[in-house]
Structures are given as structure tokens and as C-alpha cells.
$ cat target_37.cif   # mmCIF, C-alpha atoms
data_my_file
#
loop_
_atom_site.label_atom_id
_atom_site.label_comp_id
_atom_site.auth_asym_id
_atom_site.auth_seq_id
_atom_site.Cartn_x
_atom_site.Cartn_y
_atom_site.Cartn_z
CA MET A 1 -11.81 -18.90 15.12
CA ASN A 2 -15.54 -18.73 14.25
CA ILE A 3 -15.69 -14.95 14.05
CA PRO A 4 -16.35 -14.17 10.34
CA ALA A 5 -13.86 -11.29 10.28
CA LEU A 6 -11.06 -13.51 11.68
CA THR A 7 -11.40 -16.76 9.71
CA ALA A 8 -7.88 -16.47 8.26
CA PHE A 9 -6.49 -16.86 11.81
CA LYS A 10 -7.40 -20.55 11.67
CA SER A 11 -4.09 -20.98 9.84
CA ARG A 12 -1.10 -21.17 12.21
CA ASN A 13 1.34 -19.84 9.64
CA TYR A 14 -0.84 -16.82 8.93
CA ARG A 15 -1.19 -16.07 12.66
CA LEU A 16 2.59 -16.01 13.05
CA PHE A 17 3.01 -13.85 9.96
CA PHE A 18 0.33 -11.41 11.14
CA ALA A 19 1.84 -11.04 14.63
CA GLY A 20 5.37 -10.38 13.41
CA GLN A 21 4.30 -7.97 10.68
CA THR A 22 2.11 -6.00 13.09
CA ILE A 23 5.02 -5.21 15.41
CA SER A 24 7.37 -4.45 12.53
CA LEU A 25 4.90 -2.12 10.83
CA LEU A 26 4.58 -0.03 14.00
CA GLY A 27 8.28 0.70 13.69
CA THR A 28 7.95 1.31 9.95
CA TRP A 29 5.30 4.00 10.39
CA MET A 30 7.26 5.62 13.19
CA GLN A 31 10.24 5.85 10.86
CA LYS A 32 8.16 7.18 7.94
CA THR A 33 6.68 9.89 10.14
CA ALA A 34 10.11 10.85 11.46
CA VAL A 35 11.64 11.00 7.96
CA SER A 36 8.92 13.35 6.66
CA TRP A 37 9.11 15.55 9.75
CA VAL A 38 12.92 15.77 9.72
CA ILE A 39 13.11 16.57 6.01
CA TYR A 40 10.47 19.30 6.12
CA SER A 41 11.75 20.77 9.41
CA LEU A 42 15.30 21.05 8.08
CA THR A 43 14.55 22.22 4.53
CA HIS A 44 11.12 23.92 4.83
CA SER A 45 10.70 22.79 1.23
CA LYS A 46 7.53 21.16 -0.10
CA PHE A 47 9.54 19.91 -3.06
CA MET A 48 12.15 18.21 -0.85
CA LEU A 49 9.33 16.53 1.05
CA GLY A 50 8.17 15.08 -2.26
CA VAL A 51 11.76 14.04 -3.06
CA SER A 52 12.02 12.09 0.21
CA ILE A 53 8.90 10.08 -0.66
CA PHE A 54 10.03 9.67 -4.27
CA ALA A 55 13.39 8.31 -3.05
CA THR A 56 11.75 5.33 -1.35
CA LEU A 57 8.93 4.53 -3.74
CA PHE A 58 10.34 5.13 -7.21
CA PRO A 59 13.29 2.66 -7.04
CA SER A 60 10.83 0.10 -5.73
CA ALA A 61 8.46 0.80 -8.62
CA VAL A 62 11.19 0.43 -11.24
CA LEU A 63 12.53 -2.88 -9.94
CA THR A 64 9.34 -4.45 -8.53
CA PRO A 65 8.56 -6.35 -11.79
CA PHE A 66 11.95 -8.09 -11.47
CA GLY A 67 11.09 -8.77 -7.82
CA GLY A 68 7.92 -10.46 -9.05
CA VAL A 69 9.90 -12.70 -11.38
CA ILE A 70 12.26 -13.63 -8.54
CA SER A 71 9.21 -14.43 -6.38
CA ASP A 72 7.87 -16.80 -9.06
CA ARG A 73 11.25 -18.41 -9.86
CA TYR A 74 12.60 -19.00 -6.36
CA ASN A 75 11.46 -19.75 -2.81
CA ARG A 76 9.29 -16.76 -1.81
CA TYR A 77 9.70 -17.56 1.85
CA ARG A 78 13.50 -17.37 1.70
CA VAL A 79 13.36 -14.22 -0.41
CA LEU A 80 11.19 -12.60 2.26
CA VAL A 81 13.50 -13.60 5.12
CA ILE A 82 16.47 -12.11 3.26
CA THR A 83 14.70 -8.83 2.46
CA GLN A 84 13.57 -8.42 6.07
CA ILE A 85 17.14 -8.87 7.33
CA LEU A 86 18.36 -6.30 4.80
CA SER A 87 15.58 -3.91 5.86
CA MET A 88 16.72 -4.23 9.47
CA LEU A 89 20.28 -3.36 8.49
CA GLN A 90 19.01 -0.32 6.58
CA ALA A 91 17.07 0.81 9.66
CA VAL A 92 20.19 0.43 11.84
CA ALA A 93 22.23 2.50 9.36
CA LEU A 94 19.53 5.20 9.31
CA THR A 95 19.51 5.31 13.12
CA LEU A 96 23.27 5.79 13.25
CA VAL A 97 23.21 8.50 10.57
CA VAL A 98 20.55 10.52 12.39
CA TYR A 99 22.24 10.01 15.76
CA PHE A 100 25.67 11.22 14.62
CA ASP A 101 24.51 13.87 12.10
CA ASN A 102 21.31 15.78 12.84
CA TYR A 103 21.44 17.54 9.47
CA ALA A 104 21.80 14.43 7.34
CA VAL A 105 19.15 15.30 4.72
CA TRP A 106 20.87 13.70 1.73
CA GLU A 107 22.11 10.76 3.78
CA ILE A 108 18.50 10.07 4.82
CA ILE A 109 17.33 10.33 1.21
CA SER A 110 20.13 8.01 0.05
CA LEU A 111 19.18 5.39 2.63
CA SER A 112 15.56 5.80 1.56
CA VAL A 113 16.66 4.81 -1.94
CA VAL A 114 18.30 1.70 -0.44
CA LEU A 115 15.02 0.81 1.30
CA GLY A 116 13.17 1.27 -1.98
CA LEU A 117 15.52 -1.18 -3.70
CA ILE A 118 14.96 -3.75 -0.94
CA ASN A 119 11.17 -3.26 -1.09
CA ALA A 120 11.21 -4.03 -4.81
CA PHE A 121 11.93 -7.65 -3.90
CA ASP A 122 10.24 -7.70 -0.50
CA VAL A 123 6.71 -6.63 -1.46
CA PRO A 124 6.01 -9.15 -4.28
CA ALA A 125 7.37 -12.00 -2.13
CA ARG A 126 5.36 -10.90 0.93
CA GLN A 127 2.11 -10.34 -0.95
CA SER A 128 2.25 -13.60 -2.91
CA LEU A 129 3.34 -15.61 0.17
CA VAL A 130 0.02 -14.83 1.90
CA TYR A 131 -1.71 -17.29 -0.47
CA GLU A 132 0.57 -20.08 0.80
CA LEU A 133 0.08 -19.17 4.46
CA VAL A 134 -3.71 -19.62 4.37
CA ASP A 135 -4.76 -23.28 4.63
CA ASP A 136 -8.31 -22.80 3.31
CA LYS A 137 -8.11 -20.65 0.18
CA LYS A 138 -11.70 -19.48 0.76
CA ASN A 139 -10.23 -17.38 3.58
CA LEU A 140 -7.79 -15.57 1.27
CA PRO A 141 -9.98 -12.43 0.85
CA ASN A 142 -10.30 -12.27 4.64
CA ALA A 143 -6.53 -12.64 5.04
CA LEU A 144 -5.91 -9.79 2.59
CA ALA A 145 -8.44 -7.58 4.39
CA LEU A 146 -6.81 -8.42 7.73
CA ASN A 147 -3.45 -7.48 6.23
CA SER A 148 -4.89 -4.08 5.37
CA SER A 149 -6.28 -3.80 8.90
CA MET A 150 -2.81 -4.60 10.25
CA VAL A 151 -1.17 -1.94 8.06
CA ASN A 152 -3.67 0.70 9.01
CA LEU A 153 -3.74 -0.11 12.71
CA SER A 154 0.01 0.45 12.57
CA LYS A 155 -0.54 3.66 10.62
CA LEU A 156 -3.04 4.76 13.27
CA ILE A 157 -0.78 4.09 16.25
CA GLY A 158 2.72 4.50 14.79
CA PRO A 159 2.56 8.19 13.74
CA ALA A 160 0.90 9.20 17.01
CA ILE A 161 3.67 7.49 19.01
CA ALA A 162 6.25 9.04 16.68
CA GLY A 163 4.86 12.54 17.20
CA VAL A 164 5.17 12.25 20.99
CA ALA A 165 8.57 10.54 20.77
CA ILE A 166 9.98 13.26 18.48
CA GLU A 167 8.92 16.03 20.86
CA ARG A 168 10.15 14.31 24.03
CA PHE A 169 13.16 12.27 22.97
CA GLY A 170 14.10 13.31 19.43
CA GLU A 171 13.79 11.75 16.00
CA VAL A 172 16.49 9.12 16.54
CA VAL A 173 14.20 7.16 18.90
CA CYS A 174 11.77 6.52 16.03
CA PHE A 175 14.53 5.18 13.79
CA GLY A 176 15.93 2.98 16.57
CA ALA A 177 12.47 1.59 17.39
CA ASN A 178 12.02 0.58 13.74
CA ALA A 179 15.36 -1.25 13.71
CA LEU A 180 14.39 -3.23 16.84
CA SER A 181 10.92 -4.05 15.46
CA PHE A 182 12.44 -6.25 12.74
CA ILE A 183 13.44 -8.76 15.41
CA ALA A 184 9.76 -9.65 15.79
CA VAL A 185 9.02 -10.19 12.11
CA ILE A 186 12.21 -12.17 11.43
CA SER A 187 11.52 -14.39 14.47
CA SER A 188 7.93 -15.05 13.35
CA LEU A 189 9.08 -15.93 9.82
CA LEU A 190 11.60 -18.44 11.19
CA MET A 191 8.77 -20.19 13.10
CA ILE A 192 6.60 -20.61 10.00
CA ARG A 193 6.46 -24.15 8.61
CA LEU A 194 5.77 -24.56 4.90
CA PRO A 195 5.97 -27.59 2.56
CA LYS A 196 9.42 -28.16 1.09
CA PHE A 197 9.99 -25.86 -1.85
CA GLN A 198 9.93 -27.68 -5.18
CA PRO A 199 12.08 -25.87 -7.75
CA VAL A 200 10.55 -25.59 -11.21
CA LYS A 201 12.69 -25.76 -14.32
CA HIS A 202 12.63 -22.45 -16.15
CA THR A 203 13.07 -22.38 -19.91
CA LYS A 204 13.13 -18.58 -20.14
CA ASN A 205 15.41 -16.00 -18.62
CA ILE A 206 14.21 -13.31 -16.21
CA LEU A 207 13.36 -10.82 -18.96
CA GLY A 208 11.48 -13.51 -20.88
CA GLU A 209 9.38 -14.40 -17.83
CA LEU A 210 8.70 -10.73 -17.16
CA ALA A 211 7.48 -10.31 -20.73
CA GLU A 212 5.30 -13.40 -20.25
CA GLY A 213 3.66 -11.76 -17.25
CA LEU A 214 2.98 -8.54 -19.19
CA VAL A 215 1.38 -10.54 -22.03
CA TYR A 216 -0.81 -12.35 -19.50
CA ILE A 217 -2.04 -9.03 -18.07
CA ARG A 218 -2.70 -7.63 -21.56
CA GLN A 219 -4.77 -10.69 -22.43
CA THR A 220 -6.76 -10.60 -19.16
CA PRO A 221 -9.07 -7.53 -19.45
CA GLU A 222 -10.36 -7.48 -15.85
CA ILE A 223 -6.88 -7.60 -14.31
CA ARG A 224 -5.64 -5.02 -16.81
CA TYR A 225 -8.49 -2.64 -15.90
CA ILE A 226 -7.86 -2.99 -12.14
CA ILE A 227 -4.17 -2.16 -12.56
CA ILE A 228 -4.87 0.86 -14.81
CA MET A 229 -7.43 2.30 -12.37
CA LEU A 230 -5.06 1.84 -9.41
CA ALA A 231 -2.29 3.54 -11.39
CA LEU A 232 -4.54 6.57 -11.98
CA VAL A 233 -5.53 6.81 -8.32
CA SER A 234 -1.92 6.39 -7.21
CA LEU A 235 -0.65 9.09 -9.56
CA LEU A 236 -3.40 11.66 -9.15
CA VAL A 237 -5.03 11.19 -5.73
CA LEU A 238 -3.05 9.11 -3.21
CA PRO A 239 -0.14 11.61 -3.05
CA PHE A 240 -2.39 13.88 -0.93
CA ASN A 241 -0.66 12.16 1.98
CA SER A 242 2.66 13.83 1.15
CA LEU A 243 1.09 17.24 1.93
CA MET A 244 0.13 16.41 5.52
CA PRO A 245 3.29 17.86 7.13
CA ILE A 246 2.46 21.17 5.38
CA TYR A 247 -1.10 21.10 6.70
CA ALA A 248 0.22 20.37 10.21
CA LYS A 249 2.92 23.04 10.23
CA ASP A 250 1.51 25.82 8.02
CA ILE A 251 -2.29 25.45 7.88
CA PHE A 252 -2.94 24.35 11.47
CA GLN A 253 0.18 26.06 12.92
CA GLY A 254 1.03 22.86 14.80
CA THR A 255 3.92 20.68 15.89
CA ALA A 256 5.08 17.11 15.30
CA SER A 257 2.13 15.91 17.41
CA THR A 258 -0.26 17.73 15.07
CA PHE A 259 1.29 15.90 12.14
CA GLY A 260 1.16 12.61 14.03
CA LEU A 261 -2.55 13.04 14.74
CA LEU A 262 -3.27 13.85 11.08
CA ASP A 263 -1.48 10.68 10.01
CA SER A 264 -3.29 8.76 12.76
CA ALA A 265 -6.66 10.07 11.55
CA ILE A 266 -5.82 8.76 8.09
CA GLY A 267 -4.82 5.46 9.69
CA PHE A 268 -8.05 5.33 11.70
CA GLY A 269 -10.21 5.89 8.63
CA ALA A 270 -8.26 3.33 6.62
CA LEU A 271 -8.44 0.84 9.51
CA ALA A 272 -12.20 1.28 9.68
CA GLY A 273 -12.34 0.69 5.93
CA ALA A 274 -10.22 -2.44 6.21
CA ILE A 275 -12.39 -3.84 9.03
CA PHE A 276 -15.47 -3.12 6.92
CA LEU A 277 -13.94 -5.10 4.04
CA ALA A 278 -12.97 -7.97 6.37
CA THR A 279 -16.59 -8.36 7.49
CA LEU A 280 -18.02 -8.59 3.96
CA LYS A 281 -19.68 -11.91 3.19
CA PRO A 282 -18.17 -14.20 0.54
CA GLY A 283 -19.65 -13.41 -2.87
CA THR A 284 -20.05 -9.68 -2.19
CA ASN A 285 -19.69 -7.58 -5.35
CA LEU A 286 -16.30 -6.06 -4.55
CA SER A 287 -16.15 -4.08 -7.79
CA ARG A 288 -19.32 -2.21 -6.78
CA ILE A 289 -17.90 -1.52 -3.29
CA LEU A 290 -14.73 -0.19 -4.94
CA ALA A 291 -16.73 2.26 -7.07
CA ILE A 292 -18.77 3.54 -4.11
CA ASN A 293 -15.73 3.97 -1.89
CA THR A 294 -13.91 5.92 -4.60
CA PHE A 295 -16.68 8.54 -4.30
CA VAL A 296 -16.28 8.46 -0.50
CA PHE A 297 -12.53 9.01 -0.93
CA GLY A 298 -13.06 12.03 -3.16
CA ALA A 299 -15.77 13.56 -0.97
CA GLY A 300 -13.57 13.26 2.12
CA LEU A 301 -10.66 15.06 0.43
CA ILE A 302 -12.91 17.85 -0.85
CA LEU A 303 -14.38 18.45 2.60
CA PHE A 304 -10.94 18.33 4.22
CA SER A 305 -9.16 20.60 1.76
CA TYR A 306 -10.34 24.01 3.02
CA THR A 307 -11.46 23.08 6.53
CA SER A 308 -9.66 25.34 9.00
CA LEU A 309 -11.13 23.77 12.15
CA TYR A 310 -8.60 21.11 13.13
CA PRO A 311 -10.94 18.59 14.88
CA LEU A 312 -13.37 18.71 11.95
CA ALA A 313 -10.50 18.32 9.51
CA LEU A 314 -9.48 15.11 11.32
CA VAL A 315 -13.00 13.75 10.80
CA PHE A 316 -13.06 14.61 7.09
CA ILE A 317 -9.62 13.14 6.36
CA ALA A 318 -10.63 9.96 8.21
CA VAL A 319 -13.73 9.70 5.99
CA GLY A 320 -11.56 10.09 2.92
CA ALA A 321 -9.15 7.43 4.20
CA PHE A 322 -12.08 5.03 4.70
CA GLY A 323 -12.76 5.25 0.97
CA MET A 324 -9.06 5.20 0.13
CA MET A 325 -8.67 1.78 1.76
CA SER A 326 -10.67 0.05 -0.97
CA GLN A 327 -8.33 1.21 -3.73
CA THR A 328 -5.50 -1.12 -2.78
CA THR A 329 -7.26 -3.81 -0.72
CA ILE A 330 -10.12 -4.62 -3.10
CA SER A 331 -7.85 -4.31 -6.13
CA ASN A 332 -5.39 -6.73 -4.51
CA THR A 333 -8.20 -9.15 -3.61
CA LEU A 334 -9.71 -9.11 -7.11
CA ILE A 335 -6.31 -9.87 -8.61
CA GLN A 336 -5.21 -12.55 -6.11
CA THR A 337 -8.51 -14.46 -6.46
CA SER A 338 -8.44 -14.48 -10.26
CA VAL A 339 -4.78 -14.71 -11.29
CA THR A 340 -3.20 -17.99 -12.42
CA PRO A 341 -0.94 -19.29 -9.57
CA ALA A 342 2.11 -19.53 -11.82
CA MET A 343 1.73 -15.83 -12.66
CA ARG A 344 0.93 -14.61 -9.12
CA GLY A 345 4.31 -13.05 -8.31
CA ARG A 346 4.64 -11.27 -11.64
CA VAL A 347 1.09 -9.94 -11.74
CA ILE A 348 1.31 -8.74 -8.13
CA SER A 349 4.62 -7.04 -8.94
CA ILE A 350 2.98 -5.10 -11.81
CA PHE A 351 0.11 -4.26 -9.46
CA VAL A 352 2.60 -3.00 -6.86
CA MET A 353 4.46 -1.06 -9.55
CA ALA A 354 1.23 0.68 -10.53
CA PHE A 355 0.85 1.77 -6.92
CA SER A 356 4.44 2.45 -5.89
CA GLY A 357 5.28 4.05 -9.24
CA GLY A 358 2.33 6.41 -9.31
CA VAL A 359 2.68 7.70 -5.74
CA PRO A 360 6.28 8.98 -5.91
CA ILE A 361 5.82 10.62 -9.30
CA GLY A 362 2.52 12.05 -8.10
CA SER A 363 4.18 13.28 -4.91
CA LEU A 364 6.69 15.29 -6.92
CA VAL A 365 3.96 16.69 -9.18
CA VAL A 366 1.66 17.47 -6.24
CA SER A 367 4.49 19.13 -4.30
CA TYR A 368 5.35 21.29 -7.34
CA ILE A 369 1.73 22.25 -8.00
CA SER A 370 1.09 23.08 -4.32
CA GLN A 371 3.94 25.60 -4.42
CA HIS A 372 2.13 27.51 -7.18
CA ILE A 373 -1.59 27.21 -6.35
CA GLY A 374 -1.43 26.37 -2.64
CA VAL A 375 -1.73 23.14 -0.72
CA GLN A 376 -5.49 23.47 -0.08
CA ALA A 377 -6.36 24.03 -3.74
CA THR A 378 -4.20 21.04 -4.65
CA VAL A 379 -6.03 18.69 -2.27
CA LEU A 380 -9.38 20.03 -3.51
CA GLY A 381 -8.32 19.17 -7.07
CA GLN A 382 -7.30 15.67 -6.00
CA GLY A 383 -10.71 15.12 -4.43
CA ILE A 384 -12.43 16.15 -7.67
CA LEU A 385 -10.19 13.78 -9.65
CA ALA A 386 -11.21 10.94 -7.30
CA LEU A 387 -14.86 11.62 -8.14
CA VAL A 388 -14.02 11.49 -11.86
CA ILE A 389 -12.29 8.11 -11.39
CA GLY A 390 -15.36 6.93 -9.45
CA ILE A 391 -17.53 7.82 -12.45
CA MET A 392 -15.17 5.81 -14.67
CA HIS A 393 -15.64 2.81 -12.33
CA VAL A 394 -19.43 3.09 -12.62
CA ARG A 395 -19.28 3.29 -16.42
CA TYR A 396 -17.03 0.24 -16.55
CA LEU A 397 -19.38 -1.79 -14.34
CA LYS A 398 -22.36 -0.84 -16.54
CA LYS A 399 -20.50 -1.90 -19.69
CA LYS A 400 -19.41 -5.14 -18.01
CA LYS A 401 -22.98 -5.90 -16.96
CA ALA A 402 -24.23 -5.22 -20.47
CA ARG A 403 -21.64 -7.62 -21.94
CA GLN A 404 -22.55 -10.51 -19.62
CA PRO A 405 -25.92 -11.43 -21.25
CA VAL A 406 -24.24 -11.37 -24.67
CA ALA A 407 -21.45 -13.67 -23.46
CA LEU A 408 -23.98 -16.02 -21.83
CA SER A 409 -26.06 -16.11 -25.00
CA ARG A 410 -23.02 -17.02 -27.08
CA LYS A 411 -22.08 -19.77 -24.61
CA LEU A 412 -25.60 -21.25 -24.75
CA ASN A 413 -25.61 -21.15 -28.53
CA GLU A 414 -22.31 -23.03 -28.58
CA GLU A 415 -23.66 -25.67 -26.20
CA ILE A 416 -27.01 -26.25 -28.00
CA PRO A 417 -26.59 -28.84 -30.79
CA GLN A 418 -27.33 -27.44 -34.22
CA VAL A 419 -30.07 -29.37 -36.11
#
$ encode --input "target_37.cif" --output "C-alpha cells"
Amino acid sequence: MNIPALTAFKSRNYRLFFAGQTISLLGTWMQKTAVSWVIYSLTHSKFMLGVSIFATLFPSAVLTPFGGVISDRYNRYRVLVITQILSMLQAVALTLVVYFDNYAVWEIISLSVVLGLINAFDVPARQSLVYELVDDKKNLPNALALNSSMVNLSKLIGPAIAGVAIERFGEVVCFGANALSFIAVISSLLMIRLPKFQPVKHTKNILGELAEGLVYIRQTPEIRYIIIMLALVSLLVLPFNSLMPIYAKDIFQGTASTFGLLDSAIGFGALAGAIFLATLKPGTNLSRILAINTFVFGAGLILFSYTSLYPLALVFIAVGAFGMMSQTTISNTLIQTSVTPAMRGRVISIFVMAFSGGVPIGSLVVSYISQHIGVQATVLGQGILALVIGIMHVRYLKKKKARQPVALSRKLNEEIPQV
């Protein structure tokens, strides 16, 4: 694989992982689309739509730090296999509930909570395992960008397929397809060959190791800043996605296909952003790209918010999603390439908590606010907040640049012998 954007595929284990995850994620996005559509169609409540998203993400956010500790203490590969099997069982249960009870709103939300609990242990193990799957660690940034491409290709295709499937065959098809998709990812994981796991003796309990990870983050300013900025974006801006069923049904007077295309437009923009990141040359200033794309994110949301012409709205939301992609992908790359290996699982779990904790809380807040000021005004406000966060990024980079000569001068003074 000599194509610069595909260098991570030189690693056999990563190729297997990528293939299995791609198929599984198609089912995941079909299920997510179906859950949002079913909940809003049955309840016609913006707040309940926020609750359905909260149900999956908040339990994950609360327990993810413990998932990170488990990932650092035990065999990440085995943890991932177990969580994928449990996720498949959850998808089967959800399929059966929807099939036998078309009005199973609270049953769906309860099973969403179960998925959130599983994800708390799945995500840290999956994210930190990528490092071990890539033979040449120089290809790690490319692998992480390809992961984002995989997620967003699935987000592009999955909702569109779900929209058509819901109209023609009913929601249960989407849930069943997700359950079947786990066969691919579990099979690919079983074919991966890794060095024998070497257990490490732990002198601290789980809470002690979690505290150790928090201290490490507090004492590492750059990692701390990345996590804080992602938390702000996740809480204030990223929940715009939870309002898309309302745009589809109320603003554009559409159907499930309208919603599927909106989600696909977001997926297309994010996929384009991920491909852009995958093609960046080693040594590119990712922090600067992150700041620029935060402005792109905000501008896209502002343009989308009050656009009544549906095709133009798809373009604007795709532009916003292009900028959105950098928030998680670049932040993840900056952390994975700078964190101490022994702390990788715990730091990634705090990073995931910043994301998965902010989005569900933000979804509830955004849903509540949209009921009082309107969905369009809410998205406009989120776009403006993204611009403010972009300005904060720029100010941080300027301060960081100003500190570098001072740090270099001190280092030189320490190295020059005093006469």
C-alpha cells in the first residue's frame, strides 16, 4: 500500500479490524436512525428525542473512565471481543422488542441504556487497541483518520439505507440488520493475531488507577486543553444532530427518507473531512487545522439554520460536518501520539467521557431550548458558539507559540556551562 492515505493498511491486523468494523457500523447507523425516527414519530416530542440520545450516551460517559482502567489492566483485545458479543445480543433484543411491540418507547430507551453501559467498556478498548494493530507507529495518525473515514462512510450510507428500509419494510428491518452486522466484526476480531498478552502486576485498585490517570491529565497541559475544548464542543455544539428529525419532519415537511438524507449529508461532509485529514502529510500542524475547521463547523451551522431550500440546506450541513470531523479525529490523534502508553486506556476513556458526556447532556438542553425559541434559532446559536470556541483555539495557539521561545531559551541556558 503506497498510497499516502492508505499506509495503515500495510498492517494485516488493521485491515481485518477495518473491514469488520465497516460492516458493523453500517448496521449501527441504521439502528440509530431507526431509533430516532421511531421515538419522534410515536411521541412527537423534541424532549423525548433528546432522552433517547441521552439514554445511550450518558451511561457510557459515566462509566467510560472505569472502562479505560479495565482496558489498561487487562487484555484489550479480549475486552473488545466480549463487548462486541454483548452488543450483538442487545441488538437482537431490540429487534425482538420492536417486532412484537410497535409502541415500545420505554423498552427501546431501556435497551439504549444497556447499549450505553456496554459502550463504556467497548470504546476505550477499541480506541486504544488501534495502536497495537498498526505495525509501524508512524502510520497511527493515518489509521485514526481512516477510522474516522470508516465511521462517516457508514454514517453517509447507513441512514440513507435506513430511510428507504423504514418506508418500504418497517423499522424492524433496521434493527435486524444491525444484529446481523455484528457477525462480521466478531469474525474479523477472531482472525486478528496479536502477541501473547503479558499481564502486569497492579499495586493499586481500580479507583487508585483511575485517580492516577486524572493526575496525569492534570499535569499534562496540552492533553488537558484538548479534552476541555472537546467537552465544550460536545456540550454546546455537537448536539445539533439531535434536532435533525425535527428539521426533516417539521421544517422540510418530509418523511423518513428526508431524515435519512439529512443524516447522510452530515455523513458525507464528515467523510470528506476525514479523507482530508488522512491525506495530510506527517508533521502537519494539526492544532492549526483544528482551529480553522472549528470556524468551518460554525459557519456551516449558521448557514444551515434558517435555510428553507432543502437541497441548499444539505450543502450547508455537509460543510458544517466537514469542520465537525476535526473535533474528534484531530483531538484523538493529538492525544494518542503524545500520551504515555501505560496511560493510554485511561486518558482515552476521559477523552471519550468528554465527548459522550457532553453530547447527551447537551441534547437534553438543546431539545428543551428548541421548544421555547424554535429549532432554527437553536442551531443558529450553536453555530455562533462554535465560532467563539474557534476564537479560543486561535488565542491558545498564539499563547503557546509565544511560550515556545521562552522555553527554548531556558533550555539553552541550562545546557550552556556557567563560567
$ residues_near_point --input "target_37.cif" --point "(6.3, 17.2, -1.6)" --cutoff "8 Å" --atoms "all atoms listed in the file" --output "PyMOL selection string"
chain A and resi 45-53+242-243+363-368
$ atom_distance --input "target_37.cif" --atom1 "atom CA of A:Gln31" --atom2 "atom CA of A:Phe259"
13.5 Å
$ resolve_selection --input "target_37.cif" --expression "the PyMOL selection byres ((chain A and resi 171-188) around 7)" --output "VMD selection string"
chain A and resid 16 to 17 20 to 21 23 to 24 27 to 28 30 to 31 34 81 84 88 91 to 92 94 to 95 98 to 99 162 165 to 166 169 to 170 189 to 192
$ residues_around --input "target_37.cif" --residues "A:Phe295" --least-positions-apart "3" --cutoff "10 Å" --atoms "all atoms listed in the file" --output "compact mmCIF listing (two decimals) with C-alpha atoms, in the frame of the given file"
# COMPACT_ATOMS: atom_id res chain seq x y z
CA LEU A 290 -14.73 -0.19 -4.94
CA ALA A 291 -16.73 2.26 -7.07
CA ILE A 292 -18.77 3.54 -4.11
CA GLY A 298 -13.06 12.03 -3.16
CA ALA A 299 -15.77 13.56 -0.97
CA GLY A 300 -13.57 13.26 2.12
CA GLY A 320 -11.56 10.09 2.92
CA GLY A 323 -12.76 5.25 0.97
CA MET A 324 -9.06 5.20 0.13
CA GLY A 383 -10.71 15.12 -4.43
CA ILE A 384 -12.43 16.15 -7.67
CA LEU A 385 -10.19 13.78 -9.65
CA ALA A 386 -11.21 10.94 -7.30
CA LEU A 387 -14.86 11.62 -8.14
CA VAL A 388 -14.02 11.49 -11.86
CA ILE A 389 -12.29 8.11 -11.39
CA GLY A 390 -15.36 6.93 -9.45
CA ILE A 391 -17.53 7.82 -12.45
CA HIS A 393 -15.64 2.81 -12.33
$ closest_residue --input "target_37.cif" --among "A:His44, A:Ala145, A:Leu334, A:Tyr216" --to "A:Gln371" --atoms "all atoms listed in the file"
A:His44
$ closest_residue --input "target_37.cif" --among "A:Val35, A:Val130, A:Ala160, A:Val79" --to "A:Val105" --atoms "all atoms listed in the file"
A:Val35
$ closest_residue --input "target_37.cif" --among "A:Ile227, A:Ala274, A:Ala125, A:Val164" --to "A:Ala256" --atoms "all atoms listed in the file"
A:Val164
$ resolve_selection --input "target_37.cif" --expression "the PyMOL selection byres ((chain A and resi 197) around 12)" --output "ChimeraX atom specification"
/A:72-78,132,193-196,198-200
$ build_atoms --input "target_37.cif" --residues "stretch 359-373 of chain A" --atoms "N, CA and C atoms" --output "mmCIF file, in the frame of the given file"
data_model
loop_
_atom_site.group_PDB
_atom_site.id
_atom_site.type_symbol
_atom_site.label_atom_id
_atom_site.label_comp_id
_atom_site.auth_asym_id
_atom_site.auth_seq_id
_atom_site.Cartn_x
_atom_site.Cartn_y
_atom_site.Cartn_z
ATOM 1 N N VAL A 359 2.611 6.841 -6.932
ATOM 2 C CA VAL A 359 2.680 7.700 -5.740
ATOM 3 C C VAL A 359 3.915 8.600 -5.719
ATOM 4 N N PRO A 360 5.131 8.081 -5.961
ATOM 5 C CA PRO A 360 6.280 8.980 -5.910
ATOM 6 C C PRO A 360 6.288 10.036 -7.005
ATOM 7 N N ILE A 361 5.892 9.642 -8.223
ATOM 8 C CA ILE A 361 5.820 10.620 -9.300
ATOM 9 C C ILE A 361 4.742 11.653 -8.973
ATOM 10 N N GLY A 362 3.605 11.148 -8.494
ATOM 11 C CA GLY A 362 2.520 12.050 -8.100
ATOM 12 C C GLY A 362 2.920 12.967 -6.967
ATOM 13 N N SER A 363 3.739 12.458 -6.032
ATOM 14 C CA SER A 363 4.180 13.280 -4.910
ATOM 15 C C SER A 363 5.023 14.457 -5.383
ATOM 16 N N LEU A 364 5.889 14.209 -6.367
ATOM 17 C CA LEU A 364 6.690 15.290 -6.920
ATOM 18 C C LEU A 364 5.810 16.312 -7.639
ATOM 19 N N VAL A 365 4.854 15.802 -8.433
ATOM 20 C CA VAL A 365 3.960 16.690 -9.180
ATOM 21 C C VAL A 365 3.093 17.513 -8.218
ATOM 22 N N VAL A 366 2.521 16.809 -7.212
ATOM 23 C CA VAL A 366 1.660 17.470 -6.240
ATOM 24 C C VAL A 366 2.437 18.522 -5.441
ATOM 25 N N SER A 367 3.666 18.185 -5.050
ATOM 26 C CA SER A 367 4.490 19.130 -4.300
ATOM 27 C C SER A 367 4.781 20.373 -5.146
ATOM 28 N N TYR A 368 5.071 20.167 -6.431
ATOM 29 C CA TYR A 368 5.350 21.290 -7.340
ATOM 30 C C TYR A 368 4.109 22.164 -7.526
ATOM 31 N N ILE A 369 2.972 21.497 -7.771
ATOM 32 C CA ILE A 369 1.730 22.250 -8.000
ATOM 33 C C ILE A 369 1.333 23.030 -6.748
ATOM 34 N N SER A 370 1.497 22.422 -5.568
ATOM 35 C CA SER A 370 1.090 23.080 -4.320
ATOM 36 C C SER A 370 1.904 24.351 -4.054
ATOM 37 N N GLN A 371 3.119 24.397 -4.577
ATOM 38 C CA GLN A 371 3.940 25.600 -4.420
ATOM 39 C C GLN A 371 3.391 26.772 -5.234
ATOM 40 N N HIS A 372 2.629 26.468 -6.284
ATOM 41 C CA HIS A 372 2.130 27.510 -7.180
ATOM 42 C C HIS A 372 0.670 27.878 -6.925
ATOM 43 N N ILE A 373 -0.170 26.888 -6.561
ATOM 44 C CA ILE A 373 -1.590 27.210 -6.350
ATOM 45 C C ILE A 373 -2.013 27.059 -4.894
#
